[in-house]
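Asks: Sharing my_file-v2.tsv (TSV, C-alpha atoms and all ligand atoms) below.
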```
chain	number	residue	atom	x	y	z
A	1	MET	CA	2.75	-2.20	-25.69
A	2	THR	CA	4.84	-2.54	-22.54
A	3	ILE	CA	4.76	-0.56	-19.31
A	4	LYS	CA	7.88	0.05	-17.28
A	5	ILE	CA	8.39	1.45	-13.81
A	6	THR	CA	11.25	3.84	-14.53
A	7	GLY	CA	11.33	5.68	-11.23
A	8	THR	CA	10.43	5.04	-7.60
A	9	GLY	CA	10.46	7.34	-4.58
A	10	SER	CA	9.32	7.31	-0.99
A	11	THR	CA	9.27	9.44	2.10
A	12	LEU	CA	8.58	8.89	5.77
A	13	PRO	CA	7.90	11.45	8.50
A	14	GLU	CA	10.91	12.00	10.78
A	15	LYS	CA	9.20	11.23	14.07
A	16	LYS	CA	9.77	7.65	15.22
A	17	VAL	CA	7.34	6.15	17.72
A	18	THR	CA	8.54	2.92	19.29
A	19	ASN	CA	6.52	0.23	21.02
A	20	PHE	CA	8.03	1.52	24.27
A	21	ASP	CA	6.58	4.97	23.53
A	22	LEU	CA	3.15	3.33	23.09
A	23	GLN	CA	3.51	1.61	26.46
A	24	GLU	CA	3.21	5.13	27.89
A	25	LEU	CA	-0.15	5.65	26.15
A	26	VAL	CA	-1.99	2.33	26.45
A	27	GLU	CA	-1.72	-0.95	28.34
A	28	THR	CA	0.53	-2.87	25.99
A	29	SER	CA	4.09	-4.14	25.74
A	30	ASP	CA	6.88	-4.23	23.19
A	31	GLU	CA	6.81	-8.03	23.47
A	32	TRP	CA	3.05	-8.30	22.72
A	33	ILE	CA	3.25	-6.01	19.71
A	34	ARG	CA	6.35	-7.65	18.21
A	35	GLU	CA	5.04	-11.17	18.75
A	36	ARG	CA	1.60	-10.52	17.25
A	37	THR	CA	2.54	-8.11	14.46
A	38	GLY	CA	6.33	-7.94	13.95
A	39	ILE	CA	6.23	-4.16	14.38
A	40	ALA	CA	8.83	-2.41	16.56
A	41	GLU	CA	8.39	1.20	15.52
A	42	ARG	CA	6.46	3.41	13.12
A	43	ARG	CA	6.73	6.96	11.74
A	44	ILE	CA	4.14	9.53	12.71
A	45	SER	CA	3.52	12.79	10.89
A	46	THR	CA	3.72	15.93	13.01
A	47	GLY	CA	2.96	18.30	10.15
A	48	ASP	CA	3.15	16.55	6.81
A	49	THR	CA	-0.12	15.84	5.02
A	50	VAL	CA	-1.01	13.05	2.60
A	51	ALA	CA	-0.41	15.57	-0.19
A	52	THR	CA	2.98	16.85	1.00
A	53	LEU	CA	4.25	13.32	1.64
A	54	SER	CA	3.01	12.31	-1.83
A	55	ALA	CA	4.72	15.27	-3.46
A	56	LYS	CA	8.06	14.43	-1.83
A	57	ALA	CA	7.83	10.81	-2.98
A	58	CYS	CA	6.86	11.94	-6.49
A	59	SER	CA	9.82	14.31	-6.80
A	60	LYS	CA	12.19	11.44	-6.02
A	61	ALA	CA	10.47	9.11	-8.50
A	62	LEU	CA	10.61	11.75	-11.24
A	63	GLU	CA	14.27	12.45	-10.52
A	64	MET	CA	15.09	8.75	-10.88
A	65	ALA	CA	13.11	8.54	-14.12
A	66	GLY	CA	14.84	11.66	-15.45
A	67	LYS	CA	11.52	13.40	-16.08
A	68	THR	CA	10.14	16.82	-15.23
A	69	ALA	CA	6.76	17.38	-13.58
A	70	GLU	CA	5.48	19.06	-16.76
A	71	GLU	CA	5.95	15.79	-18.62
A	72	VAL	CA	3.53	13.88	-16.37
A	73	ASP	CA	0.24	12.84	-18.04
A	74	LEU	CA	-1.64	11.34	-15.10
A	75	ILE	CA	-1.42	11.50	-11.31
A	76	LEU	CA	-3.24	8.84	-9.29
A	77	VAL	CA	-3.17	9.01	-5.51
A	78	ALA	CA	-4.33	5.94	-3.62
A	79	THR	CA	-5.27	7.00	-0.10
A	80	CYS	CA	-7.88	6.39	2.56
A	81	SER	CA	-6.74	9.24	4.80
A	82	PRO	CA	-6.87	12.47	2.76
A	83	GLU	CA	-7.01	15.72	4.75
A	84	MET	CA	-9.39	17.25	2.21
A	85	LEU	CA	-12.44	15.84	0.47
A	86	LEU	CA	-12.18	18.68	-2.05
A	87	PRO	CA	-9.86	19.23	-3.79
A	88	CYS	CA	-8.66	15.67	-4.06
A	89	CYS	CA	-5.13	14.86	-2.95
A	90	ALA	CA	-3.91	14.19	-6.50
A	91	CYS	CA	-4.82	17.77	-7.53
A	92	GLN	CA	-2.95	19.10	-4.49
A	93	VAL	CA	0.08	17.05	-5.54
A	94	GLN	CA	-0.23	18.39	-9.08
A	95	ASP	CA	-0.15	21.92	-7.66
A	96	ILE	CA	2.83	21.28	-5.33
A	97	ILE	CA	5.06	19.63	-7.93
A	98	GLY	CA	3.88	21.79	-10.86
A	99	ALA	CA	2.59	18.95	-13.06
A	100	SER	CA	0.51	21.40	-15.07
A	101	ASN	CA	-0.25	19.02	-17.95
A	102	ALA	CA	-1.53	16.11	-15.88
A	103	ALA	CA	-5.02	14.85	-15.14
A	104	ALA	CA	-5.26	13.99	-11.46
A	105	PHE	CA	-7.62	12.07	-9.24
A	106	ASP	CA	-7.74	9.94	-6.08
A	107	LEU	CA	-8.71	6.34	-5.64
A	108	ASN	CA	-9.59	4.58	-2.37
A	109	ALA	CA	-9.14	0.84	-2.12
A	110	ALA	CA	-7.45	1.05	1.30
A	111	CYS	CA	-4.41	-1.23	1.60
A	112	SER	CA	-4.94	-2.53	-1.96
A	113	GLY	CA	-5.03	1.06	-3.23
A	114	PHE	CA	-1.57	1.28	-4.79
A	115	LEU	CA	-2.17	-1.88	-6.82
A	116	PHE	CA	-5.63	-0.76	-7.94
A	117	ALA	CA	-4.10	2.59	-8.99
A	118	LEU	CA	-1.24	0.88	-10.84
A	119	ASN	CA	-3.74	-1.31	-12.66
A	120	THR	CA	-5.81	1.76	-13.54
A	121	ALA	CA	-2.75	3.56	-14.93
A	122	TYR	CA	-1.89	0.43	-16.91
A	123	VAL	CA	-5.26	0.24	-18.64
A	124	TYR	CA	-5.17	3.96	-19.49
A	125	MET	CA	-1.79	3.37	-21.16
A	126	GLN	CA	-2.94	0.19	-22.84
A	127	ALA	CA	-5.86	2.16	-24.29
A	128	GLY	CA	-3.37	4.72	-25.63
A	129	ILE	CA	-4.91	7.55	-23.57
A	130	TYR	CA	-1.80	8.43	-21.54
A	131	LYS	CA	1.90	7.74	-22.05
A	132	ASN	CA	2.93	7.91	-18.41
A	133	ALA	CA	1.62	8.19	-14.86
A	134	LEU	CA	2.70	8.95	-11.34
A	135	VAL	CA	1.11	6.28	-9.16
A	136	ILE	CA	1.18	7.06	-5.45
A	137	GLY	CA	0.22	5.34	-2.20
A	138	SER	CA	0.15	7.83	0.66
A	139	GLU	CA	-1.34	7.84	4.15
A	140	VAL	CA	-1.44	9.79	7.39
A	141	LEU	CA	-3.27	7.10	9.34
A	142	SER	CA	-2.20	8.58	12.66
A	143	LYS	CA	-5.14	10.96	12.42
A	144	LEU	CA	-7.61	8.08	11.93
A	145	VAL	CA	-6.33	6.13	14.90
A	146	ASP	CA	-7.91	6.23	18.34
A	147	TRP	CA	-4.75	6.56	20.45
A	148	SER	CA	-6.57	5.08	23.45
A	149	ASP	CA	-7.46	1.86	21.57
A	150	ARG	CA	-4.59	-0.59	22.03
A	151	GLY	CA	-6.18	-2.99	19.54
A	152	THR	CA	-5.48	-0.65	16.63
A	153	CYS	CA	-3.10	2.16	17.62
A	154	VAL	CA	-0.08	-0.16	17.70
A	155	LEU	CA	-0.52	-1.22	14.07
A	156	PHE	CA	-0.35	1.85	11.88
A	157	GLY	CA	2.13	4.43	10.61
A	158	ASP	CA	2.41	7.29	8.11
A	159	GLY	CA	4.34	7.58	4.84
A	160	ALA	CA	4.19	7.71	1.05
A	161	GLY	CA	5.62	5.89	-1.94
A	162	ALA	CA	5.40	6.66	-5.65
A	163	ALA	CA	6.18	4.95	-8.94
A	164	PHE	CA	6.64	6.65	-12.30
A	165	VAL	CA	5.21	4.34	-14.94
A	166	GLU	CA	5.84	4.75	-18.67
A	167	ALA	CA	4.31	3.11	-21.71
A	168	SER	CA	6.67	1.84	-24.36
A	169	ALA	CA	5.52	1.01	-27.88
A	170	GLU	CA	8.49	-1.36	-28.31
A	171	ASP	CA	8.67	-4.68	-26.47
A	172	ILE	CA	11.75	-4.80	-24.24
A	173	PHE	CA	13.36	-8.16	-23.50
A	174	ARG	CA	15.81	-8.71	-20.64
A	175	ASP	CA	18.88	-11.00	-20.81
A	176	ASN	CA	16.89	-13.84	-19.21
A	177	GLY	CA	14.39	-13.65	-22.10
A	178	ARG	CA	11.58	-12.16	-20.03
A	179	LYS	CA	9.57	-9.31	-21.52
A	180	VAL	CA	9.46	-6.19	-19.33
A	181	GLY	CA	6.06	-5.08	-18.12
A	182	MET	CA	2.88	-6.16	-16.44
A	183	GLU	CA	2.14	-9.82	-17.12
A	184	CYS	CA	-1.17	-9.99	-15.37
A	185	MET	CA	-3.37	-8.48	-12.69
A	186	VAL	CA	-6.16	-9.77	-10.53
A	187	GLN	CA	-8.28	-7.60	-8.30
A	188	GLY	CA	-11.41	-8.17	-6.28
A	189	SER	CA	-13.65	-6.88	-3.54
A	190	ASP	CA	-16.07	-8.27	-0.97
A	191	GLY	CA	-18.33	-5.46	0.19
A	192	THR	CA	-20.38	-7.84	2.33
A	193	LYS	CA	-17.48	-7.90	4.83
A	194	GLY	CA	-16.89	-4.14	4.72
A	195	MET	CA	-17.57	-3.46	8.39
A	196	VAL	CA	-14.76	-5.81	9.49
A	197	LEU	CA	-12.44	-2.85	9.00
A	198	SER	CA	-14.06	0.55	8.86
A	199	CYS	CA	-13.67	4.25	9.53
A	200	ALA	CA	-16.51	6.75	9.28
A	201	GLU	CA	-15.90	10.06	7.57
A	202	ARG	CA	-17.61	12.61	9.84
A	203	SER	CA	-20.75	13.28	11.83
A	204	VAL	CA	-23.77	14.44	9.84
A	205	ASP	CA	-25.41	17.77	10.66
A	206	ASN	CA	-28.04	18.10	7.95
A	207	ALA	CA	-30.71	20.84	8.14
A	208	PHE	CA	-33.30	18.33	6.86
A	209	ILE	CA	-32.56	15.57	9.35
A	210	ALA	CA	-33.98	16.19	12.83
A	211	GLU	CA	-31.31	14.38	14.80
A	212	LYS	CA	-27.64	15.13	14.46
A	213	GLN	CA	-25.85	11.84	13.70
A	214	THR	CA	-22.69	11.54	15.73
A	215	ILE	CA	-20.24	8.86	14.73
A	216	SER	CA	-16.76	7.81	15.75
A	217	PRO	CA	-14.19	9.08	13.25
A	218	TYR	CA	-11.66	6.40	14.19
A	219	ILE	CA	-10.61	3.08	12.66
A	220	GLN	CA	-12.65	0.12	13.95
A	221	MET	CA	-11.30	-3.34	13.29
A	222	ASN	CA	-12.15	-6.96	13.93
A	223	GLY	CA	-8.54	-8.14	13.83
A	224	GLN	CA	-9.25	-11.85	13.73
A	225	GLU	CA	-11.64	-11.52	10.78
A	226	VAL	CA	-9.06	-9.43	8.90
A	227	TYR	CA	-6.42	-12.04	9.66
A	228	LYS	CA	-8.62	-14.88	8.38
A	229	PHE	CA	-9.52	-12.93	5.23
A	230	ALA	CA	-5.91	-12.05	4.44
A	231	THR	CA	-4.43	-15.49	5.00
A	232	ARG	CA	-7.12	-17.12	2.84
A	233	GLN	CA	-7.62	-14.54	0.09
A	234	VAL	CA	-4.03	-13.46	-0.61
A	235	PRO	CA	-2.66	-16.91	-1.55
A	236	ALA	CA	-5.83	-17.56	-3.58
A	237	CYS	CA	-5.50	-14.37	-5.61
A	238	ILE	CA	-1.75	-14.85	-6.11
A	239	HIS	CA	-2.44	-18.36	-7.44
A	240	GLU	CA	-5.13	-16.92	-9.73
A	241	ALA	CA	-2.68	-14.31	-11.06
A	242	LEU	CA	0.08	-16.88	-11.62
A	243	ASP	CA	-2.35	-19.23	-13.39
A	244	LYS	CA	-3.48	-16.37	-15.62
A	245	ALA	CA	0.14	-15.56	-16.48
A	246	GLY	CA	0.85	-19.26	-17.12
A	247	ILE	CA	3.63	-19.45	-14.51
A	248	THR	CA	4.19	-21.05	-11.11
A	249	VAL	CA	5.41	-19.89	-7.70
A	250	GLU	CA	8.93	-21.09	-8.65
A	251	ASP	CA	9.01	-18.60	-11.54
A	252	VAL	CA	8.67	-15.65	-9.15
A	253	ASP	CA	11.77	-13.90	-7.77
A	254	MET	CA	10.07	-11.76	-5.18
A	255	PHE	CA	6.70	-11.29	-3.49
A	256	VAL	CA	6.13	-7.68	-2.44
A	257	LEU	CA	3.14	-7.96	-0.13
A	258	HIS	CA	1.17	-5.35	1.75
A	259	GLN	CA	3.05	-4.95	5.04
A	260	ALA	CA	0.26	-5.43	7.59
A	261	ASN	CA	1.64	-8.11	9.81
A	262	VAL	CA	4.58	-10.53	9.78
A	263	ARG	CA	2.36	-13.45	10.73
A	264	ILE	CA	0.09	-12.84	7.73
A	265	ILE	CA	3.09	-12.72	5.36
A	266	GLU	CA	4.59	-15.89	6.87
A	267	SER	CA	1.27	-17.68	6.54
A	268	VAL	CA	0.94	-16.61	2.87
A	269	ALA	CA	4.48	-17.87	2.15
A	270	LYS	CA	3.66	-21.18	3.78
A	271	ARG	CA	0.39	-21.61	1.89
A	272	LEU	CA	2.14	-20.80	-1.40
A	273	LYS	CA	4.97	-23.21	-0.46
A	274	ALA	CA	7.41	-20.39	-1.26
A	275	ASP	CA	10.64	-19.63	0.57
A	276	ILE	CA	10.12	-16.81	3.08
A	277	SER	CA	13.38	-15.22	1.83
A	278	LYS	CA	11.41	-14.22	-1.30
A	279	PHE	CA	9.15	-12.03	0.88
A	280	PRO	CA	11.05	-8.85	1.75
A	281	MET	CA	9.66	-6.99	4.77
A	282	ASN	CA	10.17	-3.60	6.34
A	283	LEU	CA	7.20	-3.34	8.67
A	284	ASP	CA	9.29	-3.76	11.81
A	285	LYS	CA	10.56	-0.19	11.32
A	286	ILE	CA	7.49	1.50	9.80
A	287	GLY	CA	4.34	-0.45	10.65
A	288	ASN	CA	1.29	-0.67	8.45
A	289	MET	CA	0.89	2.39	6.19
A	290	SER	CA	-2.05	0.98	4.19
A	291	SER	CA	-1.75	1.99	0.52
A	292	ALA	CA	1.81	3.29	1.06
A	293	THR	CA	3.38	0.00	2.17
A	294	ILE	CA	3.88	-1.58	-1.26
A	295	PRO	CA	5.40	1.46	-3.04
A	296	VAL	CA	7.61	2.30	-0.06
A	297	LEU	CA	8.97	-1.25	0.05
A	298	LEU	CA	9.35	-1.29	-3.73
A	299	ASP	CA	11.40	1.91	-3.57
A	300	GLU	CA	13.59	0.53	-0.75
A	301	LEU	CA	14.29	-2.62	-2.76
A	302	ASN	CA	14.90	-0.69	-5.97
A	303	ARG	CA	17.26	1.86	-4.43
A	304	GLY	CA	18.98	-0.86	-2.42
A	305	GLY	CA	19.81	-2.73	-5.65
A	306	ARG	CA	17.74	-5.74	-4.63
A	307	ILE	CA	15.65	-5.63	-7.81
A	308	GLN	CA	17.43	-6.41	-11.07
A	309	GLY	CA	16.22	-6.04	-14.65
A	310	GLY	CA	14.38	-9.23	-15.60
A	311	ASP	CA	13.22	-10.02	-12.06
A	312	ARG	CA	9.62	-11.19	-11.87
A	313	ILE	CA	7.79	-9.58	-8.95
A	314	VAL	CA	4.36	-10.35	-7.58
A	315	MET	CA	2.81	-7.47	-5.68
A	316	SER	CA	-0.22	-8.25	-3.57
A	317	GLY	CA	-2.41	-6.00	-1.46
A	318	PHE	CA	-5.37	-6.67	0.82
A	319	GLY	CA	-7.40	-4.50	3.11
A	320	ALA	CA	-10.54	-2.58	3.94
A	321	GLY	CA	-13.45	-2.87	1.58
A	322	LEU	CA	-12.65	-5.69	1.75
A	323	THR	CA	-10.36	-5.46	-1.25
A	324	TYR	CA	-7.54	-7.60	-2.59
A	325	GLY	CA	-5.33	-7.87	-5.62
A	326	ALA	CA	-2.18	-9.32	-7.14
A	327	THR	CA	-0.11	-8.00	-10.01
A	328	VAL	CA	2.73	-9.79	-11.77
A	329	ILE	CA	5.42	-7.60	-13.33
A	330	VAL	CA	8.79	-8.15	-14.93
A	331	TRP	CA	11.22	-5.36	-14.01
A	401	LIG	N1	-1.34	-4.98	23.71
A	401	LIG	C1	-1.68	-5.90	24.62
A	401	LIG	N2	-2.82	-6.60	24.54
A	401	LIG	C2	-3.65	-6.36	23.53
A	401	LIG	C3	-3.34	-5.40	22.52
A	401	LIG	C4	-2.14	-4.70	22.67
A	401	LIG	N3	-1.76	-3.76	21.75
A	401	LIG	N4	-4.35	-5.39	21.61
A	401	LIG	C5	-5.25	-6.30	22.02
A	401	LIG	N5	-4.82	-6.86	23.16
A	401	LIG	C6	-5.49	-7.89	23.95
A	401	LIG	C7	-6.98	-7.94	23.74
A	401	LIG	O1	-7.63	-6.97	24.55
A	401	LIG	C8	-7.30	-9.35	24.18
A	401	LIG	O2	-7.34	-9.38	25.57
A	401	LIG	P1	-8.40	-10.32	26.33
A	401	LIG	O3	-8.04	-11.72	25.91
A	401	LIG	O4	-8.13	-10.03	27.77
A	401	LIG	O5	-9.73	-9.90	25.84
A	401	LIG	C9	-6.08	-10.12	23.73
A	401	LIG	O6	-5.02	-9.16	23.55
A	401	LIG	C10	-6.28	-10.88	22.44
A	401	LIG	O7	-6.89	-9.97	21.51
A	401	LIG	P2	-7.12	-10.37	20.05
A	401	LIG	O8	-7.75	-9.25	19.29
A	401	LIG	O9	-7.84	-11.70	20.03
A	401	LIG	O10	-5.62	-10.57	19.56
A	401	LIG	P3	-5.09	-11.33	18.32
A	401	LIG	O11	-4.28	-12.47	18.72
A	401	LIG	O12	-6.17	-11.55	17.29
A	401	LIG	O13	-4.10	-10.25	17.73
A	401	LIG	C11	-4.05	-8.68	15.93
A	401	LIG	C12	-4.59	-8.96	17.32
A	401	LIG	C13	-2.55	-8.51	15.98
A	401	LIG	C14	-4.68	-7.36	15.45
A	401	LIG	C15	-4.46	-9.85	14.99
A	401	LIG	O14	-5.84	-10.08	15.07
A	401	LIG	C16	-4.07	-9.62	13.58
A	401	LIG	O15	-2.92	-9.73	13.23
A	401	LIG	N6	-5.05	-9.30	12.73
A	401	LIG	C17	-4.79	-8.87	11.40
A	401	LIG	C18	-5.25	-7.48	11.36
A	401	LIG	C19	-4.27	-6.54	10.77
A	401	LIG	O16	-3.13	-6.81	10.48
A	401	LIG	N7	-4.80	-5.36	10.59
A	401	LIG	C20	-4.04	-4.32	10.03
A	401	LIG	C21	-4.92	-3.40	9.32
A	401	LIG	S1	-5.78	-4.16	8.10
A	401	LIG	C22	-4.83	-4.36	6.82
A	401	LIG	O17	-3.83	-3.72	6.66
A	401	LIG	C23	-5.25	-5.31	5.87
```
Show this structure as structure tokens.
Replies:
Amino acid sequence: MTIKITGTGSTLPEKKVTNFDLQELVETSDEWIRERTGIAERRISTGDTVATLSAKACSKALEMAGKTAEEVDLILVATCSPEMLLPCCACQVQDIIGASNAAAFDLNAACSGFLFALNTAYVYMQAGIYKNALVIGSEVLSKLVDWSDRGTCVLFGDGAGAAFVEASAEDIFRDNGRKVGMECMVQGSDGTKGMVLSCAERSVDNAFIAEKQTISPYIQMNGQEVYKFATRQVPACIHEALDKAGITVEDVDMFVLHQANVRIIESVAKRLKADISKFPMNLDKIGNMSSATIPVLLDELNRGGRIQGGDRIVMSGFGAGLTYGATVIVW
């Protein structure tokens, strides 16, 4: 059994917010933000929700795959910023696009979410339960950001990306002899470091608890701890994935990493001893969109003709949880 990504789609809110715009809100500078993160601007939703962004990305992915919404078996939305606890975002997407035959649920692994969702879809297909899936990473992080906290508000943006994944009973071989599909996946979590990057859900007002518990609903981050975690864990889990697949860094055409920070990506490239040209980036224009960064970049590369059949791609995500993962696929 082989799985193929036969369609990709993405969408970004129209409103651009530059570093210069942020200078009006907090004590920061374009120079500081660019130097430390590589980000110049990000998109901020002024009306779109995680579900509406997801639905737009899904429609594009389905169009590319030549499928209708009724043909979709499974919808998985990876998000850490849903507007609604109930119903889940995936069910809202099902309703908007009219995927009446799909099972739908959400999954939260923060910035690793898209990969965890892709891996979940893969095992469902491997087990023969579903033939296809829409796998989505979608976030409206702008509502989780404290816009008076310069340590975090400069980092994040909003957007969504989707991939339509299909199972194929026949093995498909590309001209370079590589077999299409997922070669291997590695995923892991370290809950002991969870509070390094956190966001509480809401204050508790329970009739059976005397004191109302008021909590901050905004993202809290220890940036240096996240940086250390990412630069150590990402190369380690990519190496683990490559070892499992029986290949080396040289056998990889492209590393599609979670777009958190240019310095993290450069450090990973250096530790892997891989050429930085194999690490496409788009975070300068859209910032860190957590679970949406990998599928949005994948769609950009796919539509831009930068991914060819037979290319071997390593996708790697890392983020709150703490969570991390790497997946090796042949396109
Ligand atoms: N503008 C100007 N100054 C700032 C800003 C800002 N936006 N933010 C913080 N500072 C100041 C701090 O107040 C501090 O000032 P002080 O020395 O007077 O106290 C100084 O800059 C240094 O602060 P640090 O937090 O030590 O800055 P650091 O060099 O660590 O850079 C950064 C911060 C960019 C967040 C870095 O830690 C990093 O890249 N961490 C990775 C975290 C990340 O990418 N998170 C994204 C979300 S998580 C994920 O997607 C996996």
Asks: Could you check how far atom N1 of ligand LIG 401 (chain A) sits from atom CA of A:Lys228, in Å to one decimal?
Replies: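 Taking atom N1 of ligand LIG 401 (chain A) and atom CA of A:Lys228, their separation equals 19.6 Å.
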Asks: At most 7 Å from (-6.1, 14.5, 2.2), file frame, only C-alpha atoms: which residues, as a list of chain:residue names?
Replies: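 Here the neighbourhood of the point contains A:Thr49, A:Val50, A:Ala51, A:Ser81, A:Pro82, A:Glu83, A:Met84, A:Leu85, A:Cys88, A:Cys89.
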Asks: For a quick check of understanding, using all atoms listed in the file, which of A:Ala200, A:Gly159, A:Ala90, A:Leu144 has the smallest distance to A:Glu14?
Replies: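 Among A:Ala200, A:Gly159, A:Ala90, A:Leu144, it is A:Gly159 that comes nearest to A:Glu14.
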Asks: Which centre and edge lengths in Å to one decimal define the box along x, y and z that fits every listed atom of stretch 134-149 of chain A plus 3 Å per side, as lines of an AutoDock Vina configuration file?
Replies:
```
center_x = -2.6
center_y = 6.4
center_z = 6.1
size_x = 16.6
size_y = 15.1
size_z = 40.8
```
Asks: In Å to one decimal, how far is atom CA of A:Val135 from atom CA of A:Thr6?
Replies: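 Going from atom CA of A:Thr6 over to atom CA of A:Val135 covers 11.7 Å.
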Asks: Please, which residues have at least one atom within 9 Å of an atom of ligand LIG 401 (chain A), using only C-alpha atoms and all ligand atoms, listed as an MDAnalysis selection string?
Replies: chainID A and resid 22:23 26:33 35:37 110:112 149:156 197 221:230 258:264 288:291 317:320 322:323
Asks: Counting only C-alpha atoms, find residues at most 12 Å from (1.5, -9.0, -9.1) (file frame) and give them as an NGL selection string.
Replies: :A and (112 or 114-116 or 118-119 or 181-187 or 234-235 or 237-245 or 247 or 249 or 252-258 or 294 or 312-317 or 324-331)
